[in-house]
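J.: Enclosed is the structure file coords_0.pdb (PDB, C-alpha atoms and all ligand atoms).
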```pdb
ATOM      1  CA  MET A1293       0.000   0.000   0.000
ATOM      2  CA  SER A1294       1.342   3.382  -1.010
ATOM      3  CA  ARG A1295       0.671   6.841   0.383
ATOM      4  CA  VAL A1296      -1.251   9.316  -1.760
ATOM      5  CA  VAL A1297      -1.433  12.985  -0.757
ATOM      6  CA  VAL A1298      -4.331  14.996  -2.173
ATOM      7  CA  THR A1299      -3.655  18.741  -1.916
ATOM      8  CA  GLY A1300      -7.285  19.901  -1.578
ATOM      9  CA  ARG A1301     -10.885  18.766  -1.437
ATOM     10  CA  ILE A1302     -11.938  16.636  -4.437
ATOM     11  CA  PRO A1303     -15.155  14.665  -5.127
ATOM     12  CA  ASP A1304     -15.719  11.514  -3.034
ATOM     13  CA  ALA A1305     -15.813   9.248  -6.089
ATOM     14  CA  ALA A1306     -12.114   9.943  -6.665
ATOM     15  CA  ILE A1307     -11.157   9.631  -2.998
ATOM     16  CA  GLU A1308     -12.944   6.263  -2.808
ATOM     17  CA  LYS A1309     -11.033   4.955  -5.830
ATOM     18  CA  LEU A1310      -7.741   5.976  -4.257
ATOM     19  CA  ARG A1311      -8.709   4.595  -0.827
ATOM     20  CA  ALA A1312      -9.583   1.193  -2.324
ATOM     21  CA  GLU A1313      -5.878   0.676  -3.085
ATOM     22  CA  HIS A1314      -3.874   3.097  -0.948
ATOM     23  CA  GLU A1315      -3.588   5.162   2.198
ATOM     24  CA  VAL A1316      -4.945   8.618   1.355
ATOM     25  CA  ASP A1317      -4.078  11.871   3.096
ATOM     26  CA  ALA A1318      -6.471  14.487   1.668
ATOM     27  CA  TRP A1319      -6.401  18.107   2.799
ATOM     28  CA  GLN A1320      -9.914  18.930   4.036
ATOM     29  CA  GLY A1321      -9.505  22.556   5.106
ATOM     30  CA  PRO A1322     -11.991  25.139   3.812
ATOM     31  CA  GLU A1323      -9.079  27.271   2.530
ATOM     32  CA  SER A1324      -6.277  26.143   0.221
ATOM     33  CA  ILE A1325      -3.546  24.237   1.975
ATOM     34  CA  GLY A1326      -0.718  26.575   3.007
ATOM     35  CA  ARG A1327       2.720  26.043   1.512
ATOM     36  CA  GLU A1328       4.372  25.007   4.807
ATOM     37  CA  GLU A1329       1.616  22.503   5.578
ATOM     38  CA  LEU A1330       1.847  21.115   2.044
ATOM     39  CA  LEU A1331       5.625  20.697   2.236
ATOM     40  CA  ARG A1332       5.200  18.847   5.527
ATOM     41  CA  ARG A1333       2.393  16.569   4.300
ATOM     42  CA  VAL A1334       4.008  15.477   1.040
ATOM     43  CA  ALA A1335       7.004  14.007   2.887
ATOM     44  CA  GLY A1336       7.004  10.284   2.129
ATOM     45  CA  ALA A1337       4.222  10.457  -0.490
ATOM     46  CA  ASP A1338       4.294   7.969  -3.368
ATOM     47  CA  ALA A1339       1.808  10.032  -5.395
ATOM     48  CA  ILE A1340       0.436  13.560  -5.196
ATOM     49  CA  VAL A1341      -2.975  14.480  -6.572
ATOM     50  CA  SER A1342      -2.671  18.244  -7.027
ATOM     51  CA  LEU A1343      -5.031  21.129  -7.610
ATOM     52  CA  LEU A1344      -4.054  23.983  -9.916
ATOM     53  CA  THR A1345      -3.778  26.353  -6.950
ATOM     54  CA  GLU A1346      -0.705  24.462  -5.654
ATOM     55  CA  ARG A1347       2.779  25.021  -7.053
ATOM     56  CA  ILE A1348       4.498  21.688  -7.642
ATOM     57  CA  ASP A1349       8.136  22.679  -8.012
ATOM     58  CA  ALA A1350      11.587  21.251  -7.283
ATOM     59  CA  GLU A1351      11.387  22.296  -3.624
ATOM     60  CA  LEU A1352       8.139  20.379  -3.166
ATOM     61  CA  LEU A1353       9.364  17.307  -5.068
ATOM     62  CA  ASP A1354      12.460  17.220  -2.866
ATOM     63  CA  ALA A1355      10.313  17.626   0.247
ATOM     64  CA  ALA A1356       8.300  14.598  -0.899
ATOM     65  CA  GLY A1357      11.384  12.416  -1.281
ATOM     66  CA  PRO A1358      12.838   9.988  -3.822
ATOM     67  CA  GLN A1359       9.956   7.473  -3.525
ATOM     68  CA  LEU A1360       7.528   9.917  -5.237
ATOM     69  CA  LYS A1361       6.335   8.393  -8.514
ATOM     70  CA  ALA A1362       3.372  10.465  -9.712
ATOM     71  CA  VAL A1363       1.998  13.989  -9.737
ATOM     72  CA  ALA A1364      -1.589  13.872 -11.006
ATOM     73  CA  ASN A1365      -2.964  17.362 -11.623
ATOM     74  CA  VAL A1366      -6.752  17.793 -11.445
ATOM     75  CA  ALA A1367      -6.713  20.240 -14.382
ATOM     76  CA  VAL A1368      -5.916  20.274 -18.066
ATOM     77  CA  GLY A1369      -3.562  23.249 -17.606
ATOM     78  CA  TYR A1370      -0.346  22.345 -15.837
ATOM     79  CA  ASP A1371       1.536  25.618 -15.561
ATOM     80  CA  ASN A1372       1.520  25.036 -11.774
ATOM     81  CA  ILE A1373       3.797  22.006 -12.279
ATOM     82  CA  ASP A1374       7.501  22.099 -13.056
ATOM     83  CA  VAL A1375       7.314  19.224 -15.554
ATOM     84  CA  PRO A1376      11.076  19.098 -16.331
ATOM     85  CA  ALA A1377      11.755  18.875 -12.568
ATOM     86  CA  CYS A1378       9.362  15.886 -12.419
ATOM     87  CA  THR A1379      10.863  14.208 -15.475
ATOM     88  CA  GLY A1380      14.401  14.739 -14.165
ATOM     89  CA  ARG A1381      13.457  12.840 -11.006
ATOM     90  CA  GLY A1382      11.656  10.038 -12.868
ATOM     91  CA  ILE A1383       8.265  11.273 -11.654
ATOM     92  CA  VAL A1384       5.331  10.906 -14.070
ATOM     93  CA  ALA A1385       3.186  14.054 -14.325
ATOM     94  CA  THR A1386      -0.364  13.823 -15.643
ATOM     95  CA  ASN A1387      -3.256  16.200 -16.397
ATOM     96  CA  THR A1388      -6.954  15.841 -17.249
ATOM     97  CA  PRO A1389      -7.546  16.696 -20.923
ATOM     98  CA  GLY A1390     -10.816  15.864 -22.654
ATOM     99  CA  VAL A1391     -13.210  15.626 -19.723
ATOM    100  CA  LEU A1392     -13.534  19.413 -19.292
ATOM    101  CA  THR A1393     -13.613  20.379 -22.963
ATOM    102  CA  GLU A1394     -17.360  20.968 -23.327
ATOM    103  CA  ALA A1395     -17.820  22.671 -19.931
ATOM    104  CA  THR A1396     -15.007  25.115 -20.656
ATOM    105  CA  ALA A1397     -16.278  25.847 -24.164
ATOM    106  CA  ASP A1398     -19.698  26.546 -22.607
ATOM    107  CA  ILE A1399     -18.145  29.189 -20.348
ATOM    108  CA  ALA A1400     -16.171  30.676 -23.251
ATOM    109  CA  PHE A1401     -19.362  30.980 -25.239
ATOM    110  CA  GLY A1402     -21.256  32.274 -22.219
ATOM    111  CA  LEU A1403     -18.665  35.034 -21.897
ATOM    112  CA  ILE A1404     -18.888  35.780 -25.624
ATOM    113  CA  LEU A1405     -22.644  36.272 -25.244
ATOM    114  CA  MET A1406     -22.323  38.237 -22.005
ATOM    115  CA  ALA A1407     -19.743  40.573 -23.510
ATOM    116  CA  THR A1408     -21.359  41.138 -26.904
ATOM    117  CA  ARG A1409     -24.918  41.454 -25.523
ATOM    118  CA  ARG A1410     -23.962  43.454 -22.412
ATOM    119  CA  LEU A1411     -25.682  41.008 -20.074
ATOM    120  CA  GLY A1412     -23.462  41.814 -17.106
ATOM    121  CA  GLU A1413     -24.146  45.520 -17.497
ATOM    122  CA  GLY A1414     -27.892  44.880 -17.624
ATOM    123  CA  GLU A1415     -27.785  42.661 -14.564
ATOM    124  CA  ARG A1416     -25.758  45.181 -12.570
ATOM    125  CA  LEU A1417     -28.146  47.957 -13.584
ATOM    126  CA  ILE A1418     -31.211  46.096 -12.303
ATOM    127  CA  ARG A1419     -29.507  45.004  -9.082
ATOM    128  CA  ALA A1420     -28.384  48.587  -8.449
ATOM    129  CA  GLY A1421     -32.061  49.589  -8.482
ATOM    130  CA  GLN A1422     -31.587  51.960 -11.430
ATOM    131  CA  ALA A1423     -34.663  53.110 -13.335
ATOM    132  CA  TRP A1424     -34.967  51.496 -16.780
ATOM    133  CA  LYS A1425     -37.496  50.716 -19.466
ATOM    134  CA  TRP A1426     -37.381  49.141 -22.919
ATOM    135  CA  GLY A1427     -35.880  51.591 -25.359
ATOM    136  CA  MET A1428     -34.914  51.460 -29.024
ATOM    137  CA  PHE A1429     -31.332  52.340 -28.195
ATOM    138  CA  PHE A1430     -31.143  50.911 -24.675
ATOM    139  CA  LEU A1431     -28.070  48.713 -23.985
ATOM    140  CA  LEU A1432     -27.512  47.782 -27.603
ATOM    141  CA  GLY A1433     -24.904  45.115 -28.107
ATOM    142  CA  SER A1434     -23.400  43.484 -31.126
ATOM    143  CA  SER A1435     -24.772  40.496 -33.124
ATOM    144  CA  LEU A1436     -22.732  37.342 -33.665
ATOM    145  CA  GLN A1437     -24.379  36.161 -36.902
ATOM    146  CA  GLY A1438     -21.987  36.683 -39.821
ATOM    147  CA  LYS A1439     -19.129  37.863 -37.588
ATOM    148  CA  THR A1440     -15.720  36.207 -37.267
ATOM    149  CA  LEU A1441     -14.460  34.296 -34.240
ATOM    150  CA  GLY A1442     -10.682  34.093 -33.906
ATOM    151  CA  VAL A1443      -9.608  31.083 -31.847
ATOM    152  CA  VAL A1444      -6.104  31.271 -30.409
ATOM    153  CA  GLY A1445      -5.076  27.679 -29.660
ATOM    154  CA  MET A1446      -7.171  25.188 -31.599
ATOM    155  CA  GLY A1447      -6.976  22.165 -29.285
ATOM    156  CA  GLY A1448     -10.065  20.406 -27.986
ATOM    157  CA  ILE A1449     -11.487  23.421 -26.118
ATOM    158  CA  GLY A1450     -10.783  25.805 -28.996
ATOM    159  CA  GLN A1451     -12.516  23.432 -31.410
ATOM    160  CA  ALA A1452     -15.516  22.996 -29.098
ATOM    161  CA  THR A1453     -15.834  26.796 -28.825
ATOM    162  CA  ALA A1454     -15.584  27.090 -32.617
ATOM    163  CA  ARG A1455     -18.345  24.473 -32.978
ATOM    164  CA  ARG A1456     -20.634  26.593 -30.796
ATOM    165  CA  ALA A1457     -19.716  29.713 -32.802
ATOM    166  CA  LYS A1458     -20.573  27.959 -36.062
ATOM    167  CA  ALA A1459     -24.035  27.156 -34.668
ATOM    168  CA  PHE A1460     -24.426  30.894 -34.017
ATOM    169  CA  GLY A1461     -23.628  31.663 -37.672
ATOM    170  CA  MET A1462     -20.064  32.854 -37.130
ATOM    171  CA  ASP A1463     -17.068  32.364 -39.434
ATOM    172  CA  ILE A1464     -14.005  30.814 -37.817
ATOM    173  CA  VAL A1465     -10.311  31.588 -38.133
ATOM    174  CA  TYR A1466      -7.731  30.017 -35.868
ATOM    175  CA  GLN A1467      -4.111  30.233 -34.891
ATOM    176  CA  SER A1468      -2.475  27.065 -33.682
ATOM    177  CA  ARG A1469       0.956  25.492 -33.343
ATOM    178  CA  SER A1470      -0.175  22.698 -35.638
ATOM    179  CA  GLU A1471      -2.726  22.122 -38.363
ATOM    180  CA  ILE A1472      -5.939  20.517 -37.055
ATOM    181  CA  ASP A1473      -7.606  17.419 -38.523
ATOM    182  CA  PRO A1474      -8.665  18.537 -42.033
ATOM    183  CA  ALA A1475     -12.087  16.893 -41.574
ATOM    184  CA  ILE A1476     -12.730  19.046 -38.464
ATOM    185  CA  ALA A1477     -11.426  22.190 -40.196
ATOM    186  CA  ALA A1478     -13.784  21.474 -43.111
ATOM    187  CA  GLU A1479     -16.754  20.769 -40.807
ATOM    188  CA  LEU A1480     -16.153  24.095 -39.025
ATOM    189  CA  GLY A1481     -15.169  25.958 -42.192
ATOM    190  CA  ALA A1482     -12.164  27.061 -40.116
ATOM    191  CA  ARG A1483      -9.185  28.768 -41.759
ATOM    192  CA  ARG A1484      -5.717  28.721 -40.180
ATOM    193  CA  VAL A1485      -4.062  32.143 -40.050
ATOM    194  CA  ASP A1486      -1.166  33.720 -38.161
ATOM    195  CA  LEU A1487      -1.834  35.702 -34.990
ATOM    196  CA  ASP A1488      -1.430  39.084 -36.697
ATOM    197  CA  GLU A1489      -4.108  38.280 -39.271
ATOM    198  CA  LEU A1490      -6.383  36.732 -36.623
ATOM    199  CA  LEU A1491      -6.239  39.888 -34.513
ATOM    200  CA  THR A1492      -7.096  42.173 -37.407
ATOM    201  CA  VAL A1493      -9.980  40.157 -38.919
ATOM    202  CA  SER A1494     -11.741  38.832 -35.799
ATOM    203  CA  ASP A1495     -14.833  40.356 -34.194
ATOM    204  CA  VAL A1496     -14.343  38.107 -31.164
ATOM    205  CA  VAL A1497     -10.957  36.720 -30.095
ATOM    206  CA  SER A1498     -11.146  33.708 -27.762
ATOM    207  CA  LEU A1499      -8.008  32.378 -26.049
ATOM    208  CA  HIS A1500      -7.527  28.617 -25.666
ATOM    209  CA  CYS A1501      -3.748  28.133 -25.727
ATOM    210  CA  PRO A1502      -1.716  26.726 -22.831
ATOM    211  CA  TYR A1503       0.204  29.160 -20.641
ATOM    212  CA  GLY A1504       3.991  29.091 -20.595
ATOM    213  CA  ALA A1505       6.995  31.254 -21.432
ATOM    214  CA  ALA A1506       5.943  31.342 -25.104
ATOM    215  CA  THR A1507       2.454  32.647 -24.344
ATOM    216  CA  HIS A1508       3.208  35.037 -21.447
ATOM    217  CA  HIS A1509       1.510  38.353 -22.387
ATOM    218  CA  LEU A1510       0.754  36.983 -25.847
ATOM    219  CA  ILE A1511      -1.966  39.634 -25.862
ATOM    220  CA  GLY A1512      -0.507  42.989 -24.813
ATOM    221  CA  ALA A1513      -0.936  46.635 -25.801
ATOM    222  CA  GLU A1514       0.376  46.045 -29.340
ATOM    223  CA  GLN A1515      -1.950  43.111 -30.029
ATOM    224  CA  LEU A1516      -4.946  44.935 -28.564
ATOM    225  CA  ALA A1517      -4.168  47.925 -30.786
ATOM    226  CA  ALA A1518      -4.116  45.603 -33.809
ATOM    227  CA  MET A1519      -7.739  44.550 -33.132
ATOM    228  CA  LYS A1520     -10.718  46.471 -34.479
ATOM    229  CA  SER A1521     -12.253  48.895 -31.982
ATOM    230  CA  SER A1522     -15.443  46.794 -32.271
ATOM    231  CA  THR A1523     -13.689  43.543 -31.222
ATOM    232  CA  TYR A1524     -14.251  41.588 -27.982
ATOM    233  CA  LEU A1525     -11.609  39.518 -26.182
ATOM    234  CA  VAL A1526     -12.495  36.407 -24.163
ATOM    235  CA  ASN A1527     -10.031  34.507 -21.952
ATOM    236  CA  THR A1528     -10.885  31.131 -20.427
ATOM    237  CA  ALA A1529      -7.321  29.785 -20.672
ATOM    238  CA  ARG A1530      -4.856  31.309 -18.177
ATOM    239  CA  GLY A1531      -4.698  34.886 -16.910
ATOM    240  CA  PRO A1532      -1.066  35.780 -17.666
ATOM    241  CA  ILE A1533      -1.594  35.138 -21.399
ATOM    242  CA  VAL A1534      -3.067  38.652 -21.317
ATOM    243  CA  ASP A1535      -1.280  41.759 -20.024
ATOM    244  CA  GLU A1536      -4.128  42.755 -17.698
ATOM    245  CA  ALA A1537      -2.973  46.371 -17.217
ATOM    246  CA  ALA A1538      -2.805  46.812 -21.007
ATOM    247  CA  LEU A1539      -6.254  45.246 -21.357
ATOM    248  CA  ALA A1540      -7.745  47.560 -18.732
ATOM    249  CA  ALA A1541      -6.268  50.575 -20.570
ATOM    250  CA  ALA A1542      -7.586  49.298 -23.936
ATOM    251  CA  LEU A1543     -11.077  48.773 -22.533
ATOM    252  CA  ARG A1544     -11.060  52.184 -20.871
ATOM    253  CA  ASP A1545      -9.815  53.991 -23.995
ATOM    254  CA  GLY A1546     -12.106  52.205 -26.462
ATOM    255  CA  VAL A1547      -9.223  50.427 -28.216
ATOM    256  CA  ILE A1548     -11.448  47.313 -28.179
ATOM    257  CA  ALA A1549     -15.177  47.055 -27.452
ATOM    258  CA  GLY A1550     -15.251  44.693 -24.516
ATOM    259  CA  ALA A1551     -13.942  41.562 -22.831
ATOM    260  CA  GLY A1552     -15.003  38.501 -20.884
ATOM    261  CA  LEU A1553     -12.554  37.009 -18.407
ATOM    262  CA  ASP A1554     -12.722  33.732 -16.487
ATOM    263  CA  VAL A1555      -9.034  33.818 -15.513
ATOM    264  CA  PHE A1556      -6.776  36.569 -14.194
ATOM    265  CA  GLU A1557      -3.124  37.483 -14.332
ATOM    266  CA  HIS A1558      -2.659  37.486 -10.550
ATOM    267  CA  GLU A1559      -5.522  35.169  -9.649
ATOM    268  CA  PRO A1560      -7.524  35.490  -7.445
ATOM    269  CA  GLN A1561      -6.677  39.226  -7.567
ATOM    270  CA  VAL A1562      -8.326  41.173 -10.375
ATOM    271  CA  HIS A1563      -6.691  44.307 -11.766
ATOM    272  CA  PRO A1564      -8.480  47.124  -9.865
ATOM    273  CA  GLU A1565      -9.128  49.159 -13.032
ATOM    274  CA  LEU A1566     -11.137  46.276 -14.515
ATOM    275  CA  LEU A1567     -13.548  46.408 -11.587
ATOM    276  CA  ASP A1568     -14.598  49.937 -12.550
ATOM    277  CA  LEU A1569     -15.241  49.189 -16.216
ATOM    278  CA  GLU A1570     -18.712  48.339 -17.551
ATOM    279  CA  ASN A1571     -17.450  46.732 -20.761
ATOM    280  CA  VAL A1572     -15.810  43.735 -19.130
ATOM    281  CA  THR A1573     -17.504  40.641 -17.712
ATOM    282  CA  LEU A1574     -15.593  39.047 -14.834
ATOM    283  CA  VAL A1575     -16.238  35.510 -13.588
ATOM    284  CA  PRO A1576     -14.148  33.605 -11.019
ATOM    285  CA  HIS A1577     -12.410  30.757 -12.932
ATOM    286  CA  LEU A1578     -15.528  28.661 -13.525
ATOM    287  CA  GLY A1579     -14.498  26.995 -16.817
ATOM    288  CA  SER A1580     -14.767  23.421 -15.561
ATOM    289  CA  ALA A1581     -17.079  24.140 -12.623
ATOM    290  CA  THR A1582     -19.914  21.655 -13.081
ATOM    291  CA  VAL A1583     -20.572  18.715 -10.752
ATOM    292  CA  GLU A1584     -20.195  16.265 -13.634
ATOM    293  CA  THR A1585     -16.995  17.775 -14.997
ATOM    294  CA  ARG A1586     -15.212  18.206 -11.666
ATOM    295  CA  THR A1587     -16.105  14.610 -10.764
ATOM    296  CA  ALA A1588     -14.760  13.353 -14.097
ATOM    297  CA  MET A1589     -11.558  15.406 -13.675
ATOM    298  CA  ALA A1590     -10.917  14.104 -10.165
ATOM    299  CA  VAL A1591     -11.639  10.488 -11.159
ATOM    300  CA  LEU A1592      -9.287  10.788 -14.158
ATOM    301  CA  ALA A1593      -6.562  12.221 -11.911
ATOM    302  CA  ALA A1594      -7.111   9.330  -9.475
ATOM    303  CA  ASP A1595      -6.903   6.827 -12.365
ATOM    304  CA  ASN A1596      -3.665   8.460 -13.484
ATOM    305  CA  ALA A1597      -2.117   8.202 -10.020
ATOM    306  CA  LEU A1598      -3.330   4.617  -9.553
ATOM    307  CA  ALA A1599      -1.941   3.515 -12.924
ATOM    308  CA  VAL A1600       1.512   4.930 -12.166
ATOM    309  CA  LEU A1601       1.522   3.277  -8.726
ATOM    310  CA  ARG A1602       0.650  -0.056 -10.393
ATOM    311  CA  GLY A1603       3.558   0.397 -12.763
ATOM    312  CA  GLU A1604       1.230   0.980 -15.740
ATOM    313  CA  ARG A1605       1.108   3.790 -18.301
ATOM    314  CA  PRO A1606      -1.402   6.378 -17.002
ATOM    315  CA  PRO A1607      -4.370   7.337 -19.249
ATOM    316  CA  THR A1608      -3.302  10.967 -19.744
ATOM    317  CA  PRO A1609       0.397  11.642 -19.118
ATOM    318  CA  ILE A1610       1.711  15.144 -19.894
ATOM    319  CA  ASP A1611       3.601  14.821 -23.205
TER     320      ASP A1611
HETATM  321  C1  LIG B   1      -8.707  24.688 -15.389
HETATM  322  O1  LIG B   1      -8.403  25.827 -15.471
HETATM  323  C2  LIG B   1      -7.926  23.623 -15.930
HETATM  324  O2  LIG B   1      -6.825  23.862 -16.440
HETATM  325  O3  LIG B   1      -8.373  22.484 -15.854
END
```
Would you write out, as structure tokens, the structure that this file holds?
T.:
Amino acid sequence: MSRVVVTGRIPDAAIEKLRAEHEVDAWQGPESIGREELLRRVAGADAIVSLLTERIDAELLDAAGPQLKAVANVAVGYDNIDVPACTGRGIVATNTPGVLTEATADIAFGLILMATRRLGEGERLIRAGQAWKWGMFFLLGSSLQGKTLGVVGMGGIGQATARRAKAFGMDIVYQSRSEIDPAIAAELGARRVDLDELLTVSDVVSLHCPYGAATHHLIGAEQLAAMKSSTYLVNTARGPIVDEAALAAALRDGVIAGAGLDVFEHEPQVHPELLDLENVTLVPHLGSATVETRTAMAVLAADNALAVLRGERPPTPID
């Protein structure tokens, strides 16, 4: 029997799977586990099931000890994990692709609708008790039919967002490290372009690329200036892909029309200037936040950890 440390609360279905084979030490506190507590608890762990709020770096891997075999992240993004540090120590790192694709695309599309149709503004207005009545020019937004969606990062979530956009009558362009399956590109009528072209032709830009050194501030002042002043930016990927101060300035100065953000550069902090702007919708990292999706993510992470501990190839290793 091995020892599995779980760094935060996860659905029971996953805990039960782990407990059936191993001793499980799962953090149950209402707040995130503190760094010192985490470093103490991982000592002697054979596997760590991690949440994206915990940094899994060389210091933590060393605190765990040489018996550590697996780090199973309960997230598709793994910028919280130092993967080379894992690989260098013979530790298998895994993530949870696939199971959160549709839920995250739903939130991306929800933000597209909220931004372009000014739903957040309308909701805030009613809750603030402001007088209103139907008016010909009251809170007019922008239609999606016939407009162009630019998808940055055309993996599973980008494709699922594009599929929703097609159903809303939008044209699709995308920027991606690699060409997608031609059958999917044809089904979506999606055209691959470079980022510069995507920024200039899109009416909505939706970010779905992973975060790393190559995508840090991929969207900054220069890229925002390249967009049309009628364009909306949506980010459901990772906050630091966007230079948040530059975005706040662009929204304030009318460089772009609006934005919808599910993720933030210094999460959970939100740039204070964004809080004062009406043309941005802010939601607290809810991309995968459905009961079904979070359960599937946690169970997949458990399956990954269990497979490594059995000496098998895990279902979804990173790279
Ligand atoms: C959520 O942000 C994830 O990466 O799964």
J.: For His1500 in chain A, list every protein, DNA or RNA residue within 7 Å, evaluated using only C-alpha atoms, and leave out those in the same chain fewer than 4 positions away; present the list as a ChimeraX atom specification.
T.: /A:1443-1446,1449-1450,1528-1529
J.: Write out the residues from the selection above, keeping C-alpha atoms, as a short mmCIF file (atom, residue, chain, number, x, y, z; two decimals), in the coordinates of the input.
T.:
```cif
data_model
loop_
_atom_site.label_atom_id
_atom_site.label_comp_id
_atom_site.auth_asym_id
_atom_site.auth_seq_id
_atom_site.Cartn_x
_atom_site.Cartn_y
_atom_site.Cartn_z
CA VAL A 1443 -9.61 31.08 -31.85
CA VAL A 1444 -6.10 31.27 -30.41
CA GLY A 1445 -5.08 27.68 -29.66
CA MET A 1446 -7.17 25.19 -31.60
CA ILE A 1449 -11.49 23.42 -26.12
CA GLY A 1450 -10.78 25.80 -29.00
CA THR A 1528 -10.88 31.13 -20.43
CA ALA A 1529 -7.32 29.78 -20.67
#
```
J.: Please indicate the distance in Å from CA of Glu1479 in chain A to CA of Gly1402 in chain A, rounded to one decimal place.
T.: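 Going from CA of Glu1479 in chain A over to CA of Gly1402 in chain A, I get 22.3 Å.
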J.: Could you please extract the residues within 7 Å of ligand LIG 1 (chain B), counting all atoms listed in the file, and hand them back as a VMD selection string?
T.: chain A and resid 1366 to 1370 1388 1392 1529 1577 1579 to 1580
J.: Can you pull out the residues contacting Glu1308 in chain A? Cut-off 12 Å, using all atoms listed in the file, and skip same-chain residues under 6 positions away; I want them as a count of residues only.
T.: 11
J.: Run the PyMOL selection byres (((chain A and resi 1359) around 9) and not hetatm) mentally over the shown coordinates, then write out the matched residues as a list in words, using the chain letters and numbers from the document.
T.: Gly1336, Ala1337, Asp1338, Ala1339, Ala1356, Gly1357, Pro1358, Leu1360 and Lys1361 of chain A
J.: Nearest residue to Thr1608 in chain A out of A:Ile1340, A:Val1363, A:Leu1417, A:Val1297, using all atoms listed in the file?
T.: A:Val1363
J.: Can you patch up range 1397-1402 of chain A, filling it in to all heavy atoms, and show the result as an mmCIF file, keeping the file's coordinate frame?
T.:
```cif
data_model
loop_
_atom_site.group_PDB
_atom_site.id
_atom_site.type_symbol
_atom_site.label_atom_id
_atom_site.label_comp_id
_atom_site.auth_asym_id
_atom_site.auth_seq_id
_atom_site.Cartn_x
_atom_site.Cartn_y
_atom_site.Cartn_z
ATOM 1 N N ALA A 1397 -15.772 25.167 -22.960
ATOM 2 C CA ALA A 1397 -16.278 25.847 -24.164
ATOM 3 C C ALA A 1397 -17.622 26.517 -23.863
ATOM 4 O O ALA A 1397 -17.919 27.596 -24.398
ATOM 5 C CB ALA A 1397 -16.421 24.844 -25.310
ATOM 6 N N ASP A 1398 -18.429 25.907 -23.001
ATOM 7 C CA ASP A 1398 -19.698 26.546 -22.607
ATOM 8 C C ASP A 1398 -19.436 27.896 -21.947
ATOM 9 O O ASP A 1398 -20.122 28.886 -22.224
ATOM 10 C CB ASP A 1398 -20.467 25.662 -21.613
ATOM 11 C CG ASP A 1398 -21.120 24.445 -22.259
ATOM 12 O OD1 ASP A 1398 -21.216 24.406 -23.506
ATOM 13 O OD2 ASP A 1398 -21.522 23.530 -21.511
ATOM 14 N N ILE A 1399 -18.449 27.923 -21.040
ATOM 15 C CA ILE A 1399 -18.145 29.189 -20.348
ATOM 16 C C ILE A 1399 -17.559 30.208 -21.317
ATOM 17 O O ILE A 1399 -17.891 31.401 -21.259
ATOM 18 C CB ILE A 1399 -17.186 28.943 -19.156
ATOM 19 C CG1 ILE A 1399 -17.950 28.276 -18.008
ATOM 20 C CG2 ILE A 1399 -16.547 30.230 -18.671
ATOM 21 C CD1 ILE A 1399 -18.897 29.184 -17.248
ATOM 22 N N ALA A 1400 -16.716 29.742 -22.246
ATOM 23 C CA ALA A 1400 -16.171 30.676 -23.251
ATOM 24 C C ALA A 1400 -17.328 31.289 -24.034
ATOM 25 O O ALA A 1400 -17.387 32.508 -24.238
ATOM 26 C CB ALA A 1400 -15.208 29.952 -24.189
ATOM 27 N N PHE A 1401 -18.260 30.429 -24.445
ATOM 28 C CA PHE A 1401 -19.362 30.980 -25.239
ATOM 29 C C PHE A 1401 -20.298 31.835 -24.392
ATOM 30 O O PHE A 1401 -20.837 32.839 -24.862
ATOM 31 C CB PHE A 1401 -20.119 29.895 -26.016
ATOM 32 C CG PHE A 1401 -20.477 30.438 -27.364
ATOM 33 C CD1 PHE A 1401 -19.554 30.454 -28.381
ATOM 34 C CD2 PHE A 1401 -21.700 31.049 -27.558
ATOM 35 C CE1 PHE A 1401 -19.837 31.066 -29.594
ATOM 36 C CE2 PHE A 1401 -21.997 31.663 -28.767
ATOM 37 C CZ PHE A 1401 -21.067 31.667 -29.791
ATOM 38 N N GLY A 1402 -20.463 31.439 -23.129
ATOM 39 C CA GLY A 1402 -21.256 32.274 -22.219
ATOM 40 C C GLY A 1402 -20.652 33.670 -22.110
ATOM 41 O O GLY A 1402 -21.363 34.687 -22.156
#
```
